[in-house]
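Note: the block below is coords-v5.txt and it holds compact mmCIF, C-alpha atoms.
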# COMPACT_ATOMS: atom_id res chain seq x y z
CA MET M 1 -19.26 -25.17 -17.66
CA LYS M 2 -17.88 -23.00 -14.86
CA ILE M 3 -14.86 -20.90 -15.76
CA GLU M 4 -12.60 -18.67 -13.69
CA ILE M 5 -11.05 -15.74 -15.54
CA TYR M 6 -8.22 -14.04 -13.69
CA TYR M 7 -7.46 -10.55 -14.94
CA PHE M 8 -5.16 -7.61 -14.38
CA SER M 9 -5.78 -4.23 -15.98
CA GLY M 10 -4.06 -0.86 -15.65
CA THR M 11 -6.10 1.44 -17.85
CA GLY M 12 -9.06 -0.74 -18.68
CA ASN M 13 -8.24 -2.51 -21.95
CA SER M 14 -7.81 -5.96 -20.43
CA LEU M 15 -10.80 -5.54 -18.13
CA HIS M 16 -12.94 -4.58 -21.12
CA VAL M 17 -11.81 -7.72 -22.94
CA ALA M 18 -12.52 -9.82 -19.83
CA ARG M 19 -16.04 -8.43 -19.55
CA GLU M 20 -16.76 -8.96 -23.24
CA LEU M 21 -15.54 -12.56 -23.04
CA GLN M 22 -17.62 -13.15 -19.92
CA LYS M 23 -20.75 -12.17 -21.89
CA ARG M 24 -20.03 -15.09 -24.21
CA LEU M 25 -19.25 -17.55 -21.41
CA THR M 26 -22.37 -17.53 -19.27
CA LYS M 27 -20.92 -19.36 -16.30
CA ALA M 28 -17.62 -17.46 -16.21
CA ILE M 29 -16.64 -15.37 -13.21
CA LEU M 30 -14.03 -12.61 -13.23
CA VAL M 31 -11.41 -12.65 -10.49
CA PRO M 32 -9.01 -9.71 -10.07
CA VAL M 33 -5.44 -10.93 -9.66
CA ILE M 34 -4.52 -7.99 -7.39
CA GLY M 35 -7.23 -8.98 -4.93
CA ALA M 36 -6.40 -12.68 -5.15
CA LEU M 37 -2.76 -12.01 -4.28
CA LYS M 38 -3.82 -10.72 -0.86
CA LYS M 39 -4.80 -14.24 0.15
CA GLU M 40 -2.28 -16.42 1.93
CA ARG M 41 -3.32 -19.34 -0.22
CA ILE M 42 -4.63 -19.22 -3.79
CA LYS M 43 -6.31 -22.25 -5.29
CA THR M 44 -8.38 -22.40 -8.47
CA ASN M 45 -11.74 -24.16 -8.23
CA THR M 46 -12.75 -24.87 -11.81
CA ALA M 47 -11.60 -27.15 -14.61
CA SER M 48 -11.33 -24.21 -17.04
CA VAL M 49 -9.12 -21.31 -16.02
CA GLY M 50 -8.20 -18.23 -18.04
CA PHE M 51 -5.88 -15.24 -17.74
CA ILE M 52 -6.36 -11.83 -19.34
CA PHE M 53 -3.68 -9.18 -19.00
CA PRO M 54 -1.72 -6.49 -20.87
CA ASN M 55 1.64 -7.02 -22.52
CA PHE M 56 4.34 -5.55 -20.26
CA CYS M 57 7.81 -5.23 -21.77
CA LEU M 58 7.16 -8.19 -24.13
CA SER M 59 6.01 -10.34 -21.24
CA ILE M 60 3.46 -10.63 -18.41
CA PRO M 61 2.80 -8.00 -15.72
CA MET M 62 4.34 -8.66 -12.32
CA PRO M 63 0.95 -9.47 -10.69
CA ILE M 64 0.41 -12.29 -13.19
CA TYR M 65 3.96 -13.51 -12.58
CA ASP M 66 3.43 -13.48 -8.80
CA PHE M 67 0.04 -15.16 -9.12
CA LEU M 68 1.38 -18.04 -11.20
CA LYS M 69 4.21 -18.60 -8.75
CA LYS M 70 1.83 -18.67 -5.81
CA ALA M 71 -1.41 -20.26 -7.04
CA ASP M 72 -2.37 -23.93 -6.89
CA LEU M 73 -3.79 -24.69 -10.34
CA SER M 74 -4.45 -28.38 -9.70
CA SER M 75 -8.14 -28.01 -10.61
CA ALA M 76 -7.32 -26.57 -14.05
CA GLN M 77 -7.63 -29.10 -16.85
CA TYR M 78 -7.96 -26.44 -19.55
CA ILE M 79 -6.02 -23.15 -19.46
CA PHE M 80 -6.43 -20.25 -21.85
CA ALA M 81 -4.89 -16.78 -22.02
CA ILE M 82 -5.51 -13.47 -23.76
CA CYS M 83 -2.85 -10.79 -23.95
CA THR M 84 -3.82 -7.22 -24.87
CA ARG M 85 -1.25 -4.87 -26.35
CA GLY M 86 -0.70 -1.73 -28.37
CA GLY M 87 0.82 -3.74 -31.20
CA SER M 88 4.22 -4.58 -29.74
CA GLN M 89 5.97 -7.96 -29.74
CA ASN M 90 4.49 -10.47 -27.31
CA GLU M 91 6.40 -13.21 -25.49
CA ALA M 92 3.89 -13.43 -22.63
CA PHE M 93 2.62 -16.92 -23.40
CA TYR M 94 6.13 -18.33 -23.32
CA SER M 95 6.61 -16.75 -19.87
CA ILE M 96 3.36 -18.23 -18.61
CA ASN M 97 4.16 -21.71 -19.88
CA THR M 98 7.56 -21.53 -18.20
CA LEU M 99 5.81 -20.91 -14.87
CA LEU M 100 3.08 -23.48 -15.51
CA LYS M 101 5.66 -26.22 -16.06
CA ARG M 102 6.19 -26.29 -12.30
CA GLN M 103 2.67 -27.67 -11.97
CA ASN M 104 2.88 -29.83 -15.08
CA LYS M 105 0.47 -27.51 -16.88
CA HIS M 106 0.49 -25.48 -20.08
CA ILE M 107 -1.72 -23.09 -22.04
CA GLN M 108 -4.12 -24.95 -24.32
CA SER M 109 -5.38 -21.88 -26.19
CA GLN M 110 -4.06 -18.36 -26.53
CA MET M 111 -4.88 -15.13 -28.32
CA THR M 112 -3.37 -11.65 -28.64
CA ILE M 113 -5.64 -8.65 -29.15
CA ASN M 114 -4.47 -5.23 -30.30
CA MET M 115 -5.93 -2.32 -28.33
CA PRO M 116 -5.35 1.44 -28.21
CA TRP M 117 -1.91 2.33 -26.89
CA ASN M 118 -2.14 3.30 -23.20
CA ILE M 119 1.43 4.07 -22.21
CA PRO M 120 2.43 7.76 -22.26
CA ILE M 121 5.22 7.39 -24.79
CA GLY M 122 4.92 9.40 -28.00
CA LYS M 123 1.35 8.50 -28.91
CA GLU M 124 1.43 10.64 -32.03
CA ASP M 125 4.06 8.35 -33.57
CA LEU M 126 2.54 4.98 -32.70
CA PRO M 127 0.59 2.70 -35.08
CA ASN M 128 -2.34 2.46 -32.64
CA SER M 129 -2.47 6.14 -31.81
CA ILE M 130 -5.85 7.10 -30.45
CA ASN M 131 -8.53 8.40 -32.77
CA GLU M 132 -12.18 7.51 -33.18
CA GLU M 133 -11.78 5.61 -36.43
CA LYS M 134 -8.87 3.54 -35.14
CA MET M 135 -10.66 2.73 -31.89
CA LYS M 136 -13.72 1.62 -33.85
CA GLN M 137 -11.60 -0.69 -36.01
CA LEU M 138 -9.85 -2.18 -32.99
CA GLU M 139 -13.17 -2.75 -31.20
CA GLU M 140 -14.70 -4.48 -34.23
CA ASN M 141 -11.65 -6.73 -34.50
CA LEU M 142 -11.84 -7.46 -30.75
CA GLN M 143 -15.48 -8.55 -30.98
CA LYS M 144 -14.80 -10.84 -33.95
CA LYS M 145 -11.83 -12.45 -32.24
CA LEU M 146 -13.77 -13.02 -29.02
CA ASP M 147 -16.67 -14.59 -30.95
CA TYR M 148 -14.20 -17.10 -32.36
CA PHE M 149 -12.13 -17.60 -29.20
CA SER M 150 -15.14 -18.12 -26.92
CA LYS M 151 -16.22 -21.09 -29.05
CA ILE M 152 -12.74 -22.56 -28.70
CA ILE M 153 -12.93 -22.21 -24.92
CA ILE M 154 -16.41 -23.76 -24.74
CA THR M 155 -15.30 -26.78 -26.78
CA LYS M 156 -11.92 -26.89 -24.98
CA ARG M 157 -9.95 -27.02 -28.19
CA ASP M 158 -6.25 -26.38 -28.53
CA TYR M 159 -5.51 -23.13 -30.32
CA GLN M 160 -2.14 -21.46 -30.76
CA GLU M 161 -2.85 -18.32 -32.74
CA GLU M 162 -0.30 -17.28 -35.31
CA ASP M 163 0.58 -13.70 -34.42
CA LEU M 164 0.16 -11.71 -37.63
CA GLU M 165 -0.77 -8.35 -36.09
CA ILE M 166 2.58 -7.18 -34.72
CA VAL M 167 3.13 -3.56 -35.67
CA MET M 168 6.12 -2.93 -33.36
CA PRO M 169 8.61 -5.83 -33.68
CA VAL M 170 11.66 -5.97 -31.45
CA PRO M 171 15.20 -7.29 -32.07
CA SER M 172 15.55 -11.06 -31.77
CA TRP M 173 18.22 -10.73 -29.04
CA ILE M 174 15.69 -9.08 -26.72
CA LYS M 175 13.24 -11.95 -27.24
CA MET M 176 16.02 -14.42 -26.57
CA LEU M 177 17.01 -12.61 -23.36
CA ASN M 178 13.43 -12.79 -22.14
CA ARG M 179 13.28 -16.52 -22.81
CA LEU M 180 16.65 -17.32 -21.28
CA MET M 181 16.22 -15.23 -18.13
CA PRO M 182 12.52 -14.54 -17.52
CA HIS M 183 12.97 -13.87 -13.78
CA LEU M 184 15.76 -11.38 -14.42
CA PHE M 185 13.64 -9.78 -17.12
CA HIS M 186 10.83 -9.17 -14.64
CA GLN M 187 13.17 -7.88 -11.95
CA SER M 188 14.69 -5.43 -14.43
CA HIS M 189 11.17 -4.19 -15.10
CA PHE M 190 10.81 -3.33 -11.40
CA TYR M 191 14.26 -1.73 -11.37
CA PHE M 192 13.32 0.45 -14.34
CA TYR M 193 10.30 1.92 -12.57
CA ARG M 194 12.08 2.14 -9.22
CA LYS M 195 15.24 3.89 -10.38
CA MET M 196 14.69 5.37 -13.83
CA ILE M 197 11.12 6.71 -13.71
CA HIS M 198 9.85 9.56 -11.55
CA PHE M 199 6.18 10.48 -11.12
CA TYR M 200 5.01 13.91 -10.04
CA SER M 201 1.98 16.20 -10.27
CA ASN M 202 1.95 19.72 -11.60
CA GLY M 203 -0.12 22.75 -10.61
CA LYS M 204 -3.28 21.37 -12.22
CA CYS M 205 -3.76 18.87 -9.35
CA ASN M 206 -6.93 19.55 -7.31
CA GLY M 207 -6.36 16.82 -4.72
CA CYS M 208 -9.26 14.61 -5.90
CA GLY M 209 -7.42 11.43 -4.84
CA ILE M 210 -8.33 9.33 -7.88
CA CYS M 211 -4.65 8.43 -8.34
CA THR M 212 -4.52 6.96 -4.84
CA THR M 213 -7.72 5.04 -5.53
CA VAL M 214 -6.60 3.38 -8.76
CA CYS M 215 -3.01 2.52 -7.80
CA PRO M 216 -2.95 -1.30 -7.42
CA GLN M 217 0.06 -1.19 -5.11
CA GLY M 218 -1.11 1.50 -2.69
CA LYS M 219 2.00 3.43 -3.63
CA ILE M 220 0.37 6.87 -3.71
CA ASP M 221 -0.68 8.92 -0.66
CA LEU M 222 -2.28 12.34 -0.53
CA ILE M 223 -0.18 14.68 1.60
CA ASP M 224 -1.44 18.23 1.90
CA GLN M 225 -3.87 17.36 -0.93
CA LYS M 226 -1.04 16.43 -3.27
CA PRO M 227 -0.06 12.92 -4.42
CA VAL M 228 3.21 11.52 -3.12
CA TRP M 229 4.69 8.30 -4.52
CA SER M 230 6.26 6.10 -1.83
CA LYS M 231 9.85 5.06 -2.47
CA GLU M 232 9.30 1.93 -0.36
CA ILE M 233 6.61 0.42 -2.57
CA ASP M 234 7.35 -0.92 -6.04
CA CYS M 235 5.57 0.54 -9.07
CA LEU M 236 3.96 -1.93 -11.47
CA GLY M 237 4.20 0.45 -14.41
CA CYS M 238 0.47 0.20 -15.15
CA PHE M 239 0.13 4.01 -15.59
CA ALA M 240 -3.40 3.97 -14.16
CA CYS M 241 -2.60 7.04 -12.06
CA ILE M 242 -1.56 9.02 -15.14
CA ASN M 243 -4.34 7.96 -17.46
CA TYR M 244 -7.21 8.29 -14.96
CA CYS M 245 -6.12 11.70 -13.63
CA PRO M 246 -9.07 13.96 -14.62
CA GLN M 247 -6.90 17.08 -14.51
CA LYS M 248 -4.08 15.54 -16.58
CA SER M 249 -1.87 16.68 -13.73
CA ILE M 250 0.29 13.61 -13.20
CA GLN M 251 3.48 13.55 -15.24
CA VAL M 252 6.47 11.29 -15.72
CA LYS M 253 10.16 12.05 -15.90
CA SER M 254 12.72 9.54 -17.05
CA GLN M 255 16.46 9.44 -16.50
CA LEU M 256 16.68 7.86 -19.93
CA PRO M 257 16.74 10.05 -23.05
CA LEU M 258 13.09 9.45 -23.92
CA ARG M 259 11.67 12.63 -25.36
CA SER M 260 8.18 11.22 -25.03
CA TYR M 261 8.11 11.39 -21.22
CA THR M 262 6.96 15.01 -21.26
CA GLU M 263 4.07 17.13 -20.13
CA GLN M 264 2.81 17.14 -23.72
CA THR M 265 2.06 13.41 -23.66
CA GLY M 266 -1.59 12.42 -24.05
CA ARG M 267 -3.83 10.33 -21.83
CA TYR M 268 -5.94 7.24 -22.43
CA HIS M 269 -8.14 4.84 -20.52
CA HIS M 270 -10.81 2.60 -21.95
CA PRO M 271 -14.00 4.67 -22.26
CA LEU M 272 -16.17 1.91 -20.77
CA ILE M 273 -13.96 1.30 -17.74
CA SER M 274 -14.15 3.78 -14.87
CA TYR M 275 -11.51 4.46 -12.27
CA ARG M 276 -13.78 2.70 -9.76
CA ASP M 277 -13.67 -0.43 -11.96
CA ILE M 278 -9.86 -0.34 -11.82
CA ALA M 279 -9.88 0.26 -8.07
CA HIS M 280 -12.22 -2.72 -7.61
CA GLN M 281 -9.30 -5.01 -8.46
CA LYS M 282 -7.95 -4.44 -4.95
CA ASP M 283 -11.11 -5.79 -3.28
Write the structure described by the file as structure tokens, please.
Amino acid sequence: MKIEIYYFSGTGNSLHVARELQKRLTKAILVPVIGALKKERIKTNTASVGFIFPNFCLSIPMPIYDFLKKADLSSAQYIFAICTRGGSQNEAFYSINTLLKRQNKHIQSQMTINMPWNIPIGKEDLPNSINEEKMKQLEENLQKKLDYFSKIIITKRDYQEEDLEIVMPVPSWIKMLNRLMPHLFHQSHFYFYRKMIHFYSNGKCNGCGICTTVCPQGKIDLIDQKPVWSKEIDCLGCFACINYCPQKSIQVKSQLPLRSYTEQTGRYHHPLISYRDIAHQKD
């Protein structure tokens, strides 16, 4: 059974999950959403189609949103989705089904997998803060869930997982807002990173250019061996530039009163996913 798995990954968690699932589905191929979006026309070619992506602000990342608006999924008779997250609330599957309705499709099986937190916001206070023991537990849980979920995909069964692993719930009014106005929710995400967040590099930068390589939007240029973030290109908020910076030079400032956007914030990317793997999504 041939399967297409479309993925988007900022710091490697979702790509790791995609690769581990592919090992269990021998005829599955991985397709980077960023690369697919460069095509004028996107059309799936298999009866089984999957999506793997991180939870962004309760919902789906903008590349997944853009892909689902653009792609012809007429070949897909069975659709599955996996959302990775640091433990926060997840409304991503609702967002996907809203977009799939336009093609008279829906998700047949879905699963949420908790991973190490990869956003530079107060890691020391978060339930999935990074340490060896926690990462080992999360990886063991991931492998068990993929063993189970891969069998569901192979047999094309319906599966709507009951989400019992939320460690960071959000107020019900925020969930309702996301459901009532999903497009506005996504546009506000772009506005947040365009107007409220500022990236910069400190004196540790050695001009290696890894940040320019991993940025899925091509937003970063090296000028005089220093990264410069274009104001004309939208940021996806994937934080790949921050977490893959080998010098820990890249920093974030916020106009909001978030104490966690500081130079003391830690870094994380999945240990099995290199910056070249992330950059490959643009091919």
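With distances restricted to all atoms listed in the file, M:Ile3 is the closest residue to Gln77 (chain M) from M:Leu99, M:Met62, M:Met111, M:Ile3.
Minimum atom-to-atom distances from M:Thr84, M:Ser75, M:Thr213, M:Ser48 to Gly12 (chain M) were compared using all atoms listed in the file, and the lowest value belongs to M:Thr84.
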Residues near Gln143 (chain M), anyone? I mean within 9 Å using only C-alpha atoms, not counting same-chain ones fewer than 5 positions away, as a list of chain:residue names. M:Val17, M:Glu20, M:Leu21, M:Leu138, M:Tyr148
Pick from M:Asn131, M:Ala81, M:Leu146, M:Asp158: nearest to Gln108 (chain M), with only C-alpha atoms counted? M:Asp158
Ile223 (chain M): which residues within 12 Å, counting all atoms listed in the file, same-chain residues fewer than 4 positions away excluded, as a VMD selection string? chain M and resid 207 to 209 212 227 to 230
Between CA of Lys219 (chain M) and CA of Glu232 (chain M), what is the distance, to one decimal in Å?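 Between CA of Lys219 (chain M) and CA of Glu232 (chain M) the gap is 8.1 Å.
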Residues near Cys211 (chain M), anyone? I mean within 12 Å using only C-alpha atoms, not counting same-chain ones fewer than 2 positions away, as a PyMOL selection string. chain M and resi 10-11+199-201+205-209+213-222+225-229+238-251+275-276+278-279
Now that the selection is made, can you save its residues with C-alpha atoms as a PDB file, in the coordinates of the input?
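To be explicit, this is the file written out as out_23.pdb:
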ATOM      1  CA  GLY M  10      -4.060  -0.860 -15.650  1.00  0.00           C
ATOM      2  CA  THR M  11      -6.100   1.440 -17.850  1.00  0.00           C
ATOM      3  CA  PHE M 199       6.180  10.480 -11.120  1.00  0.00           C
ATOM      4  CA  TYR M 200       5.010  13.910 -10.040  1.00  0.00           C
ATOM      5  CA  SER M 201       1.980  16.200 -10.270  1.00  0.00           C
ATOM      6  CA  CYS M 205      -3.760  18.870  -9.350  1.00  0.00           C
ATOM      7  CA  ASN M 206      -6.930  19.550  -7.310  1.00  0.00           C
ATOM      8  CA  GLY M 207      -6.360  16.820  -4.720  1.00  0.00           C
ATOM      9  CA  CYS M 208      -9.260  14.610  -5.900  1.00  0.00           C
ATOM     10  CA  GLY M 209      -7.420  11.430  -4.840  1.00  0.00           C
ATOM     11  CA  THR M 213      -7.720   5.040  -5.530  1.00  0.00           C
ATOM     12  CA  VAL M 214      -6.600   3.380  -8.760  1.00  0.00           C
ATOM     13  CA  CYS M 215      -3.010   2.520  -7.800  1.00  0.00           C
ATOM     14  CA  PRO M 216      -2.950  -1.300  -7.420  1.00  0.00           C
ATOM     15  CA  GLN M 217       0.060  -1.190  -5.110  1.00  0.00           C
ATOM     16  CA  GLY M 218      -1.110   1.500  -2.690  1.00  0.00           C
ATOM     17  CA  LYS M 219       2.000   3.430  -3.630  1.00  0.00           C
ATOM     18  CA  ILE M 220       0.370   6.870  -3.710  1.00  0.00           C
ATOM     19  CA  ASP M 221      -0.680   8.920  -0.660  1.00  0.00           C
ATOM     20  CA  LEU M 222      -2.280  12.340  -0.530  1.00  0.00           C
ATOM     21  CA  GLN M 225      -3.870  17.360  -0.930  1.00  0.00           C
ATOM     22  CA  LYS M 226      -1.040  16.430  -3.270  1.00  0.00           C
ATOM     23  CA  PRO M 227      -0.060  12.920  -4.420  1.00  0.00           C
ATOM     24  CA  VAL M 228       3.210  11.520  -3.120  1.00  0.00           C
ATOM     25  CA  TRP M 229       4.690   8.300  -4.520  1.00  0.00           C
ATOM     26  CA  CYS M 238       0.470   0.200 -15.150  1.00  0.00           C
ATOM     27  CA  PHE M 239       0.130   4.010 -15.590  1.00  0.00           C
ATOM     28  CA  ALA M 240      -3.400   3.970 -14.160  1.00  0.00           C
ATOM     29  CA  CYS M 241      -2.600   7.040 -12.060  1.00  0.00           C
ATOM     30  CA  ILE M 242      -1.560   9.020 -15.140  1.00  0.00           C
ATOM     31  CA  ASN M 243      -4.340   7.960 -17.460  1.00  0.00           C
ATOM     32  CA  TYR M 244      -7.210   8.290 -14.960  1.00  0.00           C
ATOM     33  CA  CYS M 245      -6.120  11.700 -13.630  1.00  0.00           C
ATOM     34  CA  PRO M 246      -9.070  13.960 -14.620  1.00  0.00           C
ATOM     35  CA  GLN M 247      -6.900  17.080 -14.510  1.00  0.00           C
ATOM     36  CA  LYS M 248      -4.080  15.540 -16.580  1.00  0.00           C
ATOM     37  CA  SER M 249      -1.870  16.680 -13.730  1.00  0.00           C
ATOM     38  CA  ILE M 250       0.290  13.610 -13.200  1.00  0.00           C
ATOM     39  CA  GLN M 251       3.480  13.550 -15.240  1.00  0.00           C
ATOM     40  CA  TYR M 275     -11.510   4.460 -12.270  1.00  0.00           C
ATOM     41  CA  ARG M 276     -13.780   2.700  -9.760  1.00  0.00           C
ATOM     42  CA  ILE M 278      -9.860  -0.340 -11.820  1.00  0.00           C
ATOM     43  CA  ALA M 279      -9.880   0.260  -8.070  1.00  0.00           C
TER      44      ALA M 279
END
Please return as a PyMOL selection string every residue within 10 Å of (-1.0, -25.6, -17.0), taking into account all atoms listed in the file and the file's own coordinates. chain M and resi 49+68+73-80+96-108
May I have the residues from that selection written out with C-alpha atoms, as a PDB file, in the frame of the given file?
ATOM      1  CA  VAL M  49      -9.120 -21.310 -16.020  1.00  0.00           C
ATOM      2  CA  LEU M  68       1.380 -18.040 -11.200  1.00  0.00           C
ATOM      3  CA  LEU M  73      -3.790 -24.690 -10.340  1.00  0.00           C
ATOM      4  CA  SER M  74      -4.450 -28.380  -9.700  1.00  0.00           C
ATOM      5  CA  SER M  75      -8.140 -28.010 -10.610  1.00  0.00           C
ATOM      6  CA  ALA M  76      -7.320 -26.570 -14.050  1.00  0.00           C
ATOM      7  CA  GLN M  77      -7.630 -29.100 -16.850  1.00  0.00           C
ATOM      8  CA  TYR M  78      -7.960 -26.440 -19.550  1.00  0.00           C
ATOM      9  CA  ILE M  79      -6.020 -23.150 -19.460  1.00  0.00           C
ATOM     10  CA  PHE M  80      -6.430 -20.250 -21.850  1.00  0.00           C
ATOM     11  CA  ILE M  96       3.360 -18.230 -18.610  1.00  0.00           C
ATOM     12  CA  ASN M  97       4.160 -21.710 -19.880  1.00  0.00           C
ATOM     13  CA  THR M  98       7.560 -21.530 -18.200  1.00  0.00           C
ATOM     14  CA  LEU M  99       5.810 -20.910 -14.870  1.00  0.00           C
ATOM     15  CA  LEU M 100       3.080 -23.480 -15.510  1.00  0.00           C
ATOM     16  CA  LYS M 101       5.660 -26.220 -16.060  1.00  0.00           C
ATOM     17  CA  ARG M 102       6.190 -26.290 -12.300  1.00  0.00           C
ATOM     18  CA  GLN M 103       2.670 -27.670 -11.970  1.00  0.00           C
ATOM     19  CA  ASN M 104       2.880 -29.830 -15.080  1.00  0.00           C
ATOM     20  CA  LYS M 105       0.470 -27.510 -16.880  1.00  0.00           C
ATOM     21  CA  HIS M 106       0.490 -25.480 -20.080  1.00  0.00           C
ATOM     22  CA  ILE M 107      -1.720 -23.090 -22.040  1.00  0.00           C
ATOM     23  CA  GLN M 108      -4.120 -24.950 -24.320  1.00  0.00           C
TER      24      GLN M 108
END
I need the residue nearest Glu91 (chain M) from this list: M:Phe149, M:Ile166, M:Ile154, M:Ala47. Use only C-alpha atoms for the distance.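 Nearest candidate to Glu91 (chain M) out of M:Phe149, M:Ile166, M:Ile154, M:Ala47: M:Ile166.
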Identify, on the basis of all atoms listed in the file, every residue whose closest approach to Ser9 (chain M) does not exceed 12 Å; exclude the query and any residue fewer than 3 positions from it along the same chain; express the result as number ranges by chain. M: 6, 12-19, 31-34, 51-56, 60-64, 83-85, 118, 214-216, 236-240, 269-270, 273-275, 277-282
My list of candidates is M:Gln160, M:Ser59, M:Thr46, M:Asn202. Which is closest to Tyr94 (chain M) when distances are computed with only C-alpha atoms?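 The closest residue to Tyr94 (chain M) is M:Ser59.
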N, CA and C atoms for region 20-33 of chain M, written as an mmCIF file, in the frame of the given file, could you do that?
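This is the output file out22.cif:
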data_model
loop_
_atom_site.group_PDB
_atom_site.id
_atom_site.type_symbol
_atom_site.label_atom_id
_atom_site.label_comp_id
_atom_site.auth_asym_id
_atom_site.auth_seq_id
_atom_site.Cartn_x
_atom_site.Cartn_y
_atom_site.Cartn_z
ATOM 1 N N GLU M 20 -16.156 -8.558 -21.974
ATOM 2 C CA GLU M 20 -16.760 -8.960 -23.240
ATOM 3 C C GLU M 20 -16.703 -10.483 -23.416
ATOM 4 N N LEU M 21 -15.628 -11.091 -22.964
ATOM 5 C CA LEU M 21 -15.540 -12.560 -23.040
ATOM 6 C C LEU M 21 -16.528 -13.194 -22.076
ATOM 7 N N GLN M 22 -16.678 -12.609 -20.908
ATOM 8 C CA GLN M 22 -17.620 -13.150 -19.920
ATOM 9 C C GLN M 22 -19.050 -13.179 -20.473
ATOM 10 N N LYS M 23 -19.408 -12.193 -21.283
ATOM 11 C CA LYS M 23 -20.750 -12.170 -21.890
ATOM 12 C C LYS M 23 -20.988 -13.400 -22.751
ATOM 13 N N ARG M 24 -19.921 -13.938 -23.324
ATOM 14 C CA ARG M 24 -20.030 -15.090 -24.210
ATOM 15 C C ARG M 24 -19.916 -16.415 -23.461
ATOM 16 N N LEU M 25 -19.431 -16.354 -22.235
ATOM 17 C CA LEU M 25 -19.250 -17.550 -21.410
ATOM 18 C C LEU M 25 -20.134 -17.387 -20.179
ATOM 19 N N THR M 26 -21.342 -17.874 -20.253
ATOM 20 C CA THR M 26 -22.370 -17.530 -19.270
ATOM 21 C C THR M 26 -22.036 -17.919 -17.839
ATOM 22 N N LYS M 27 -21.231 -18.916 -17.652
ATOM 23 C CA LYS M 27 -20.920 -19.360 -16.300
ATOM 24 C C LYS M 27 -19.526 -18.920 -15.848
ATOM 25 N N ALA M 28 -18.962 -17.949 -16.557
ATOM 26 C CA ALA M 28 -17.620 -17.460 -16.210
ATOM 27 C C ALA M 28 -17.714 -16.399 -15.114
ATOM 28 N N ILE M 29 -16.752 -16.414 -14.219
ATOM 29 C CA ILE M 29 -16.640 -15.370 -13.210
ATOM 30 C C ILE M 29 -15.284 -14.690 -13.366
ATOM 31 N N LEU M 30 -15.264 -13.385 -13.132
ATOM 32 C CA LEU M 30 -14.030 -12.610 -13.230
ATOM 33 C C LEU M 30 -13.409 -12.460 -11.842
ATOM 34 N N VAL M 31 -12.126 -12.747 -11.764
ATOM 35 C CA VAL M 31 -11.410 -12.650 -10.490
ATOM 36 C C VAL M 31 -10.211 -11.726 -10.668
ATOM 37 N N PRO M 32 -10.165 -10.607 -9.950
ATOM 38 C CA PRO M 32 -9.010 -9.710 -10.070
ATOM 39 C C PRO M 32 -7.770 -10.313 -9.422
ATOM 40 N N VAL M 33 -6.682 -10.348 -10.161
ATOM 41 C CA VAL M 33 -5.440 -10.930 -9.660
ATOM 42 C C VAL M 33 -4.905 -10.145 -8.455
#
